[in-house]
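Source file: structure-v8.tsv. Holds: TSV, N, CA and C atoms.
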```
chain	number	residue	atom	x	y	z
A	1	MET	N	65.57	41.94	148.13
A	1	MET	CA	64.70	41.67	147.01
A	1	MET	C	64.48	42.93	146.17
A	2	ARG	N	64.27	44.04	146.88
A	2	ARG	CA	64.04	45.29	146.17
A	2	ARG	C	65.29	45.70	145.38
A	3	ALA	N	66.47	45.48	145.95
A	3	ALA	CA	67.72	45.80	145.26
A	3	ALA	C	67.88	44.94	144.01
A	4	LEU	N	67.49	43.68	144.10
A	4	LEU	CA	67.57	42.78	142.95
A	4	LEU	C	66.64	43.25	141.83
A	5	MET	N	65.43	43.63	142.17
A	5	MET	CA	64.48	44.12	141.17
A	5	MET	C	64.97	45.41	140.53
A	6	LEU	N	65.55	46.29	141.35
A	6	LEU	CA	66.07	47.55	140.83
A	6	LEU	C	67.23	47.32	139.88
A	7	SER	N	68.15	46.41	140.24
A	7	SER	CA	69.29	46.13	139.36
A	7	SER	C	68.84	45.44	138.09
A	8	LEU	N	67.83	44.56	138.18
A	8	LEU	CA	67.30	43.89	137.00
A	8	LEU	C	66.64	44.90	136.06
A	9	ALA	N	65.89	45.85	136.61
A	9	ALA	CA	65.26	46.89	135.79
A	9	ALA	C	66.32	47.76	135.11
A	10	LEU	N	67.40	48.04	135.83
A	10	LEU	CA	68.48	48.85	135.27
A	10	LEU	C	69.16	48.14	134.12
A	11	VAL	N	69.40	46.84	134.27
A	11	VAL	CA	70.04	46.06	133.21
A	11	VAL	C	69.13	45.99	131.99
A	12	LEU	N	67.87	45.73	132.20
A	12	LEU	CA	66.93	45.63	131.08
A	12	LEU	C	66.74	46.96	130.36
A	13	SER	N	66.79	48.05	131.09
A	13	SER	CA	66.62	49.35	130.44
A	13	SER	C	67.84	49.73	129.60
A	14	SER	N	69.01	49.22	129.93
A	14	SER	CA	70.21	49.54	129.16
A	14	SER	C	70.42	48.57	128.01
A	15	LEU	N	69.66	47.49	127.94
A	15	LEU	CA	69.82	46.48	126.90
A	15	LEU	C	69.62	47.04	125.49
A	16	PRO	N	68.58	47.81	125.19
A	16	PRO	CA	68.43	48.33	123.83
A	16	PRO	C	69.60	49.20	123.39
A	17	LEU	N	70.23	49.91	124.31
A	17	LEU	CA	71.38	50.73	123.94
A	17	LEU	C	72.55	49.86	123.52
A	18	THR	N	72.76	48.72	124.19
A	18	THR	CA	73.86	47.84	123.86
A	18	THR	C	73.61	47.18	122.51
A	19	VAL	N	72.40	46.75	122.27
A	19	VAL	CA	72.07	46.13	120.98
A	19	VAL	C	72.21	47.16	119.87
A	20	ARG	N	71.79	48.38	120.11
A	20	ARG	CA	71.87	49.45	119.11
A	20	ARG	C	73.32	49.75	118.76
A	21	ALA	N	74.22	49.77	119.76
A	21	ALA	CA	75.63	50.05	119.51
A	21	ALA	C	76.28	48.94	118.70
A	22	ALA	N	75.80	47.71	118.86
A	22	ALA	CA	76.38	46.58	118.13
A	22	ALA	C	76.03	46.65	116.64
A	23	ASP	N	75.00	47.39	116.27
A	23	ASP	CA	74.60	47.51	114.87
A	23	ASP	C	75.34	48.62	114.14
A	24	MET	N	76.30	49.22	114.78
A	24	MET	CA	77.06	50.33	114.19
A	24	MET	C	78.52	49.92	114.02
A	25	THR	N	79.21	50.53	113.06
A	25	THR	CA	80.61	50.24	112.79
A	25	THR	C	81.40	51.54	112.74
A	26	THR	N	82.54	51.57	113.43
A	26	THR	CA	83.46	52.69	113.32
A	26	THR	C	84.42	52.34	112.18
A	27	LEU	N	84.48	53.19	111.19
A	27	LEU	CA	85.21	52.90	109.96
A	27	LEU	C	86.44	53.78	109.83
A	28	THR	N	87.57	53.17	109.46
A	28	THR	CA	88.80	53.89	109.13
A	28	THR	C	89.16	53.55	107.70
A	29	ILE	N	89.45	54.56	106.89
A	29	ILE	CA	89.81	54.35	105.49
A	29	ILE	C	91.22	54.88	105.28
A	30	SER	N	92.09	54.02	104.75
A	30	SER	CA	93.47	54.38	104.44
A	30	SER	C	93.61	54.48	102.92
A	31	VAL	N	94.04	55.64	102.44
A	31	VAL	CA	94.17	55.88	101.00
A	31	VAL	C	95.64	56.05	100.66
A	32	LYS	N	96.14	55.19	99.74
A	32	LYS	CA	97.55	55.25	99.33
A	32	LYS	C	97.65	55.21	97.82
A	33	SER	N	98.80	55.67	97.34
A	33	SER	CA	99.08	55.61	95.90
A	33	SER	C	99.55	54.20	95.56
A	34	ALA	N	99.70	53.92	94.25
A	34	ALA	CA	100.17	52.61	93.82
A	34	ALA	C	101.57	52.33	94.36
A	35	GLY	N	102.34	53.38	94.63
A	35	GLY	CA	103.68	53.22	95.19
A	35	GLY	C	103.69	53.05	96.70
A	36	GLY	N	102.53	53.11	97.35
A	36	GLY	CA	102.44	52.90	98.78
A	36	GLY	C	102.51	54.17	99.62
A	37	LYS	N	102.56	55.34	98.96
A	37	LYS	CA	102.61	56.60	99.71
A	37	LYS	C	101.20	57.07	100.06
A	38	PRO	N	101.00	57.66	101.26
A	38	PRO	CA	99.68	58.17	101.62
A	38	PRO	C	99.25	59.31	100.71
A	39	VAL	N	97.97	59.36	100.39
A	39	VAL	CA	97.41	60.42	99.55
A	39	VAL	C	96.73	61.43	100.47
A	40	GLU	N	97.32	62.62	100.57
A	40	GLU	CA	96.80	63.67	101.45
A	40	GLU	C	95.76	64.50	100.72
A	41	GLY	N	94.70	64.88	101.41
A	41	GLY	CA	93.70	65.79	100.85
A	41	GLY	C	92.74	65.17	99.85
A	42	ALA	N	92.68	63.83	99.80
A	42	ALA	CA	91.73	63.18	98.90
A	42	ALA	C	90.32	63.32	99.48
A	43	SER	N	89.35	63.55	98.62
A	43	SER	CA	87.96	63.66	99.05
A	43	SER	C	87.37	62.26	99.17
A	44	VAL	N	86.85	61.93	100.36
A	44	VAL	CA	86.28	60.60	100.62
A	44	VAL	C	84.79	60.78	100.90
A	45	ILE	N	83.97	60.08	100.12
A	45	ILE	CA	82.52	60.13	100.28
A	45	ILE	C	82.06	58.73	100.67
A	46	VAL	N	81.35	58.63	101.78
A	46	VAL	CA	80.84	57.35	102.27
A	46	VAL	C	79.33	57.47	102.39
A	47	LYS	N	78.61	56.51	101.76
A	47	LYS	CA	77.15	56.50	101.81
A	47	LYS	C	76.65	55.13	102.22
A	48	PHE	N	75.71	55.11	103.15
A	48	PHE	CA	75.04	53.88	103.54
A	48	PHE	C	74.10	53.50	102.41
A	49	VAL	N	74.25	52.27	101.86
A	49	VAL	CA	73.45	51.85	100.71
A	49	VAL	C	72.29	50.95	101.13
A	50	LYS	N	72.61	49.84	101.81
A	50	LYS	CA	71.54	48.93	102.22
A	50	LYS	C	71.97	48.12	103.43
A	51	GLY	N	71.02	47.50	104.05
A	51	GLY	CA	71.24	46.71	105.25
A	51	GLY	C	70.02	46.83	106.12
A	52	HIS	N	70.11	47.64	107.17
A	52	HIS	CA	68.95	47.92	108.00
A	52	HIS	C	68.01	48.83	107.22
A	53	SER	N	66.76	48.73	107.49
A	53	SER	CA	65.78	49.59	106.83
A	53	SER	C	66.10	51.06	107.12
A	54	LEU	N	66.17	51.87	106.10
A	54	LEU	CA	66.48	53.28	106.28
A	54	LEU	C	65.44	53.97	107.15
A	55	THR	N	64.18	53.52	107.08
A	55	THR	CA	63.16	54.14	107.92
A	55	THR	C	63.34	53.74	109.38
A	56	LYS	N	63.84	52.53	109.64
A	56	LYS	CA	64.06	52.09	111.02
A	56	LYS	C	65.27	52.78	111.64
A	57	LEU	N	66.22	53.21	110.82
A	57	LEU	CA	67.41	53.87	111.35
A	57	LEU	C	67.06	55.22	111.97
A	58	GLY	N	66.04	55.85	111.46
A	58	GLY	CA	65.62	57.13	112.02
A	58	GLY	C	66.38	58.29	111.42
A	59	LYS	N	65.94	59.49	111.72
A	59	LYS	CA	66.54	60.70	111.15
A	59	LYS	C	67.80	61.12	111.88
A	60	LYS	N	67.97	60.68	113.13
A	60	LYS	CA	69.11	61.13	113.90
A	60	LYS	C	70.40	60.42	113.54
A	61	ILE	N	70.30	59.25	112.91
A	61	ILE	CA	71.51	58.52	112.53
A	61	ILE	C	71.96	58.99	111.16
A	62	ARG	N	73.17	59.49	111.10
A	62	ARG	CA	73.72	60.02	109.85
A	62	ARG	C	74.09	58.87	108.92
A	63	LYS	N	73.79	59.01	107.64
A	63	LYS	CA	74.00	57.94	106.67
A	63	LYS	C	74.96	58.33	105.55
A	64	GLU	N	75.46	59.58	105.53
A	64	GLU	CA	76.39	60.04	104.50
A	64	GLU	C	77.47	60.92	105.12
A	65	TRP	N	78.69	60.78	104.62
A	65	TRP	CA	79.81	61.60	105.09
A	65	TRP	C	80.65	62.03	103.90
A	66	GLU	N	81.18	63.25	103.97
A	66	GLU	CA	82.13	63.76	102.98
A	66	GLU	C	83.29	64.33	103.78
A	67	LEU	N	84.46	63.69	103.68
A	67	LEU	CA	85.63	64.09	104.44
A	67	LEU	C	86.86	64.14	103.54
A	68	ARG	N	87.97	64.64	104.09
A	68	ARG	CA	89.26	64.65	103.38
A	68	ARG	C	90.29	63.88	104.19
A	69	THR	N	91.21	63.23	103.48
A	69	THR	CA	92.25	62.46	104.17
A	69	THR	C	93.25	63.41	104.83
A	70	ASN	N	93.87	62.94	105.92
A	70	ASN	CA	94.90	63.73	106.61
A	70	ASN	C	96.27	63.45	105.97
A	71	GLN	N	97.35	63.89	106.62
A	71	GLN	CA	98.70	63.72	106.06
A	71	GLN	C	99.10	62.26	105.92
A	72	GLU	N	98.54	61.41	106.77
A	72	GLU	CA	98.84	59.97	106.69
A	72	GLU	C	97.92	59.24	105.72
A	73	GLY	N	97.04	59.98	105.04
A	73	GLY	CA	96.11	59.37	104.10
A	73	GLY	C	94.95	58.66	104.78
A	74	LEU	N	94.64	59.04	106.02
A	74	LEU	CA	93.58	58.37	106.79
A	74	LEU	C	92.35	59.24	106.95
A	75	VAL	N	91.21	58.58	107.01
A	75	VAL	CA	89.93	59.21	107.33
A	75	VAL	C	89.25	58.31	108.35
A	76	LYS	N	88.76	58.90	109.44
A	76	LYS	CA	88.02	58.14	110.44
A	76	LYS	C	86.57	58.59	110.39
A	77	ILE	N	85.69	57.63	110.13
A	77	ILE	CA	84.26	57.90	110.02
A	77	ILE	C	83.61	57.55	111.36
A	78	PRO	N	82.77	58.43	111.89
A	78	PRO	CA	82.04	58.09	113.12
A	78	PRO	C	81.16	56.86	112.89
A	79	PRO	N	80.58	56.30	113.94
A	79	PRO	CA	79.78	55.07	113.77
A	79	PRO	C	78.76	55.19	112.64
A	80	ILE	N	78.77	54.16	111.79
A	80	ILE	CA	77.90	54.09	110.62
A	80	ILE	C	77.08	52.81	110.74
A	81	PRO	N	75.83	52.78	110.24
A	81	PRO	CA	75.04	51.56	110.33
A	81	PRO	C	75.71	50.40	109.58
A	82	GLN	N	75.59	49.21	110.13
A	82	GLN	CA	76.16	48.04	109.47
A	82	GLN	C	75.29	47.66	108.27
A	83	GLY	N	75.95	47.16	107.24
A	83	GLY	CA	75.27	46.79	106.00
A	83	GLY	C	76.23	47.05	104.84
A	84	THR	N	75.70	47.47	103.72
A	84	THR	CA	76.52	47.77	102.55
A	84	THR	C	76.71	49.28	102.45
A	85	ILE	N	77.97	49.69	102.25
A	85	ILE	CA	78.28	51.11	102.09
A	85	ILE	C	78.98	51.32	100.76
A	86	LEU	N	78.82	52.51	100.21
A	86	LEU	CA	79.52	52.91	98.99
A	86	LEU	C	80.62	53.87	99.39
A	87	VAL	N	81.85	53.57	98.96
A	87	VAL	CA	82.99	54.44	99.23
A	87	VAL	C	83.48	54.99	97.89
A	88	GLN	N	83.53	56.33	97.80
A	88	GLN	CA	84.05	56.99	96.60
A	88	GLN	C	85.22	57.88	97.03
A	89	ILE	N	86.31	57.84	96.25
A	89	ILE	CA	87.47	58.66	96.56
A	89	ILE	C	87.88	59.41	95.31
A	90	ILE	N	88.04	60.74	95.48
A	90	ILE	CA	88.44	61.61	94.38
A	90	ILE	C	89.69	62.36	94.82
A	91	ALA	N	90.76	62.23	94.04
A	91	ALA	CA	92.02	62.92	94.36
A	91	ALA	C	92.66	63.40	93.07
A	92	LYS	N	93.28	64.57	93.16
A	92	LYS	CA	93.96	65.14	92.00
A	92	LYS	C	95.11	64.22	91.59
A	93	ASP	N	95.27	64.03	90.28
A	93	ASP	CA	96.32	63.20	89.68
A	93	ASP	C	96.12	61.70	89.91
A	94	TYR	N	94.89	61.27	90.26
A	94	TYR	CA	94.59	59.84	90.44
A	94	TYR	C	93.24	59.53	89.81
A	95	GLN	N	93.05	58.24	89.46
A	95	GLN	CA	91.75	57.80	88.97
A	95	GLN	C	90.75	57.85	90.12
A	96	THR	N	89.50	58.17	89.80
A	96	THR	CA	88.44	58.15	90.80
A	96	THR	C	88.15	56.71	91.18
A	97	PHE	N	87.96	56.49	92.49
A	97	PHE	CA	87.70	55.15	93.01
A	97	PHE	C	86.28	55.09	93.53
A	98	GLY	N	85.58	53.99	93.27
A	98	GLY	CA	84.25	53.77	93.81
A	98	GLY	C	83.96	52.30	93.93
A	99	GLN	N	83.52	51.87	95.11
A	99	GLN	CA	83.24	50.45	95.32
A	99	GLN	C	82.32	50.27	96.53
A	100	ASN	N	81.48	49.23	96.47
A	100	ASN	CA	80.64	48.88	97.60
A	100	ASN	C	81.39	47.92	98.53
A	101	PHE	N	81.19	48.10	99.83
A	101	PHE	CA	81.80	47.23	100.83
A	101	PHE	C	80.73	46.78	101.81
A	102	ASP	N	80.83	45.51	102.24
A	102	ASP	CA	79.95	45.01	103.29
A	102	ASP	C	80.61	45.26	104.63
A	103	VAL	N	79.88	45.88	105.54
A	103	VAL	CA	80.42	46.22	106.86
A	103	VAL	C	79.56	45.51	107.90
A	104	ASP	N	80.18	44.60	108.67
A	104	ASP	CA	79.41	43.88	109.69
A	104	ASP	C	80.17	43.70	111.00
A	105	GLU	N	81.29	44.41	111.17
A	105	GLU	CA	82.04	44.36	112.42
A	105	GLU	C	81.87	45.68	113.17
A	106	GLU	N	82.31	45.71	114.44
A	106	GLU	CA	82.23	46.95	115.21
A	106	GLU	C	83.26	47.97	114.75
A	107	GLU	N	84.45	47.49	114.31
A	107	GLU	CA	85.49	48.36	113.77
A	107	GLU	C	86.03	47.73	112.50
A	108	LYS	N	86.22	48.56	111.48
A	108	LYS	CA	86.73	48.04	110.21
A	108	LYS	C	87.67	49.06	109.59
A	109	THR	N	88.75	48.57	108.98
A	109	THR	CA	89.70	49.41	108.26
A	109	THR	C	89.71	48.99	106.80
A	110	LEU	N	89.53	49.95	105.92
A	110	LEU	CA	89.59	49.69	104.48
A	110	LEU	C	90.87	50.28	103.93
A	111	ASP	N	91.69	49.46	103.29
A	111	ASP	CA	92.92	49.92	102.65
A	111	ASP	C	92.64	50.05	101.16
A	112	ILE	N	92.74	51.28	100.66
A	112	ILE	CA	92.42	51.55	99.26
A	112	ILE	C	93.64	52.12	98.55
A	113	THR	N	93.93	51.56	97.39
A	113	THR	CA	95.06	52.01	96.57
A	113	THR	C	94.52	52.72	95.34
A	114	LEU	N	94.96	53.96	95.13
A	114	LEU	CA	94.53	54.72	93.96
A	114	LEU	C	95.53	54.54	92.83
A	115	ASN	N	95.00	54.41	91.63
A	115	ASN	CA	95.85	54.24	90.44
A	115	ASN	C	96.08	55.59	89.77
A	116	PRO	N	97.22	55.73	89.06
A	116	PRO	CA	97.44	56.97	88.30
A	116	PRO	C	96.45	57.03	87.13
A	117	PRO	N	96.22	58.22	86.60
A	117	PRO	CA	95.25	58.34	85.50
A	117	PRO	C	95.74	57.63	84.25
A	118	GLN	N	94.79	57.14	83.46
A	118	GLN	CA	95.14	56.50	82.21
A	118	GLN	C	95.50	57.56	81.19
A	119	PRO	N	96.40	57.25	80.26
A	119	PRO	CA	96.74	58.24	79.23
A	119	PRO	C	95.54	58.52	78.34
A	120	GLN	N	95.46	59.76	77.87
A	120	GLN	CA	94.36	60.13	76.99
A	120	GLN	C	94.63	59.62	75.59
A	121	TYR	N	93.57	59.31	74.89
A	121	TYR	CA	93.70	58.91	73.50
A	121	TYR	C	92.62	59.58	72.68
A	122	SER	N	92.87	59.68	71.39
A	122	SER	CA	91.93	60.36	70.50
A	122	SER	C	91.60	59.44	69.33
A	123	ALA	N	90.38	59.51	68.89
A	123	ALA	CA	89.93	58.71	67.77
A	123	ALA	C	90.23	59.40	66.44
A	124	HIS	N	90.76	60.61	66.49
A	124	HIS	CA	90.99	61.36	65.25
A	124	HIS	C	92.43	61.29	64.83
```

Transcribe the structure of this file into structure tokens.
Amino acid sequence: MRALMLSLALVLSSLPLTVRAADMTTLTISVKSAGGKPVEGASVIVKFVKGHSLTKLGKKIRKEWELRTNQEGLVKIPPIPQGTILVQIIAKDYQTFGQNFDVDEEEKTLDITLNPPQPQYSAH
């Protein structure tokens, strides 16, 4: 009986950790050119916008990241709160990309294609 109570207490004490982990998403972002080639060294900014209350998330959970893509054009973001995130990508010789995404899975991969810059024009 005592062993049963001890195991039940152990399971119940670990329950909040399991629920907490389910509210987070590990994010992978793949950045490619319009021709399908990986974009190396692109600046990727990810910000948590809305979903869970920011005050309930606490100060220890990081809500913003600024990273650069590797040679394969990939960025792996550590666990981020589930909800809506803003992804911005800035790379030389490409248009700046910015879009909101809804994240509600434990793991998600975003495939983003960058467009070449538009030609300049003058009104004069």

d(atom CA of Lys108 of chain A, atom C of Tyr94 of chain A) in Å | 24.3 Å

Just the residues within 5 Å of segment 26-30 of chain A, please, counting only N, CA and C atoms, with nothing from its chain fewer than 5 positions along; format it as a list in words.
->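 Near neighbours after the sequence-gap exclusion: Gly73, Leu74, Val75, Lys76, Ile77, Pro78, Pro79, Ile80, Glu106, Glu107, Lys108, Thr109, Leu110, Asp111 and Ile112 of chain A.
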
Counting all atoms listed in the file, closest pick from A:Glu66, A:Asp23, A:Asp93, A:Asp102 relative to Leu114 of chain A is A:Asp93

At what distance in Å, to one decimal, does atom C of Leu86 of chain A lie from atom N of Pro119 of chain A?
->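 So the two atoms, atom N of Pro119 of chain A and atom C of Leu86 of chain A, lie 25.0 Å apart.
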
Atom CA of Lys47 of chain A to atom CA of Gly35 of chain A, distance in Å rounded to a single decimal | 27.5 Å

Using all atoms listed in the file, determine which residues lie at most 7 Å from Val49 of chain A, disregarding the query and same-chain residues fewer than 4 positions distant; provide the list as a PDB file with N, CA and C atoms, in the frame of the given file.
```
ATOM      1  N   GLY A  83      75.950  47.160 107.240  1.00  0.00           N
ATOM      2  CA  GLY A  83      75.270  46.790 106.000  1.00  0.00           C
ATOM      3  C   GLY A  83      76.230  47.050 104.840  1.00  0.00           C
ATOM      4  N   THR A  84      75.700  47.470 103.720  1.00  0.00           N
ATOM      5  CA  THR A  84      76.520  47.770 102.550  1.00  0.00           C
ATOM      6  C   THR A  84      76.710  49.280 102.450  1.00  0.00           C
ATOM      7  N   ILE A  85      77.970  49.690 102.250  1.00  0.00           N
ATOM      8  CA  ILE A  85      78.280  51.110 102.090  1.00  0.00           C
ATOM      9  C   ILE A  85      78.980  51.320 100.760  1.00  0.00           C
ATOM     10  N   LEU A  86      78.820  52.510 100.210  1.00  0.00           N
ATOM     11  CA  LEU A  86      79.520  52.910  98.990  1.00  0.00           C
ATOM     12  C   LEU A  86      80.620  53.870  99.390  1.00  0.00           C
TER      13      LEU A  86
END
```

Choose the residue, out of A:Arg68, A:Thr25, A:Pro116, A:Lys32, that has the smallest atom-to-atom separation from Val44 of chain A; count all atoms listed in the file.
-> A:Arg68

Using only N, CA and C atoms, determine which residues lie at most 6.5 Å from Gln95 of chain A, disregarding the query and same-chain residues fewer than 5 positions distant; provide the list as a JSON list (two decimals) with N, CA and C atoms, in the frame of the given file.
```json
[["chain", "number", "residue", "atom", "x", "y", "z"],
["A", 89, "ILE", "N", 86.31, 57.84, 96.25],
["A", 89, "ILE", "CA", 87.47, 58.66, 96.56],
["A", 89, "ILE", "C", 87.88, 59.41, 95.31],
["A", 90, "ILE", "N", 88.04, 60.74, 95.48],
["A", 90, "ILE", "CA", 88.44, 61.61, 94.38],
["A", 90, "ILE", "C", 89.69, 62.36, 94.82],
["A", 114, "LEU", "N", 94.96, 53.96, 95.13],
["A", 114, "LEU", "CA", 94.53, 54.72, 93.96],
["A", 114, "LEU", "C", 95.53, 54.54, 92.83],
["A", 115, "ASN", "N", 95.00, 54.41, 91.63],
["A", 115, "ASN", "CA", 95.85, 54.24, 90.44],
["A", 115, "ASN", "C", 96.08, 55.59, 89.77],
["A", 116, "PRO", "N", 97.22, 55.73, 89.06],
["A", 116, "PRO", "CA", 97.44, 56.97, 88.30],
["A", 116, "PRO", "C", 96.45, 57.03, 87.13],
["A", 117, "PRO", "N", 96.22, 58.22, 86.60],
["A", 117, "PRO", "CA", 95.25, 58.34, 85.50],
["A", 117, "PRO", "C", 95.74, 57.63, 84.25],
["A", 118, "GLN", "N", 94.79, 57.14, 83.46],
["A", 118, "GLN", "CA", 95.14, 56.50, 82.21],
["A", 118, "GLN", "C", 95.50, 57.56, 81.19]]
```

A:Glu40, A:Gln120, A:Val31, A:Glu64 ranked by distance to Lys92 of chain A, top pick (using only N, CA and C atoms) | A:Glu40

Nearest candidate to Asn100 of chain A (options A:Val87, A:Val39, A:Val46, A:Met24; using all atoms listed in the file) |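 Among the listed residues, A:Val87 lies closest to Asn100 of chain A.
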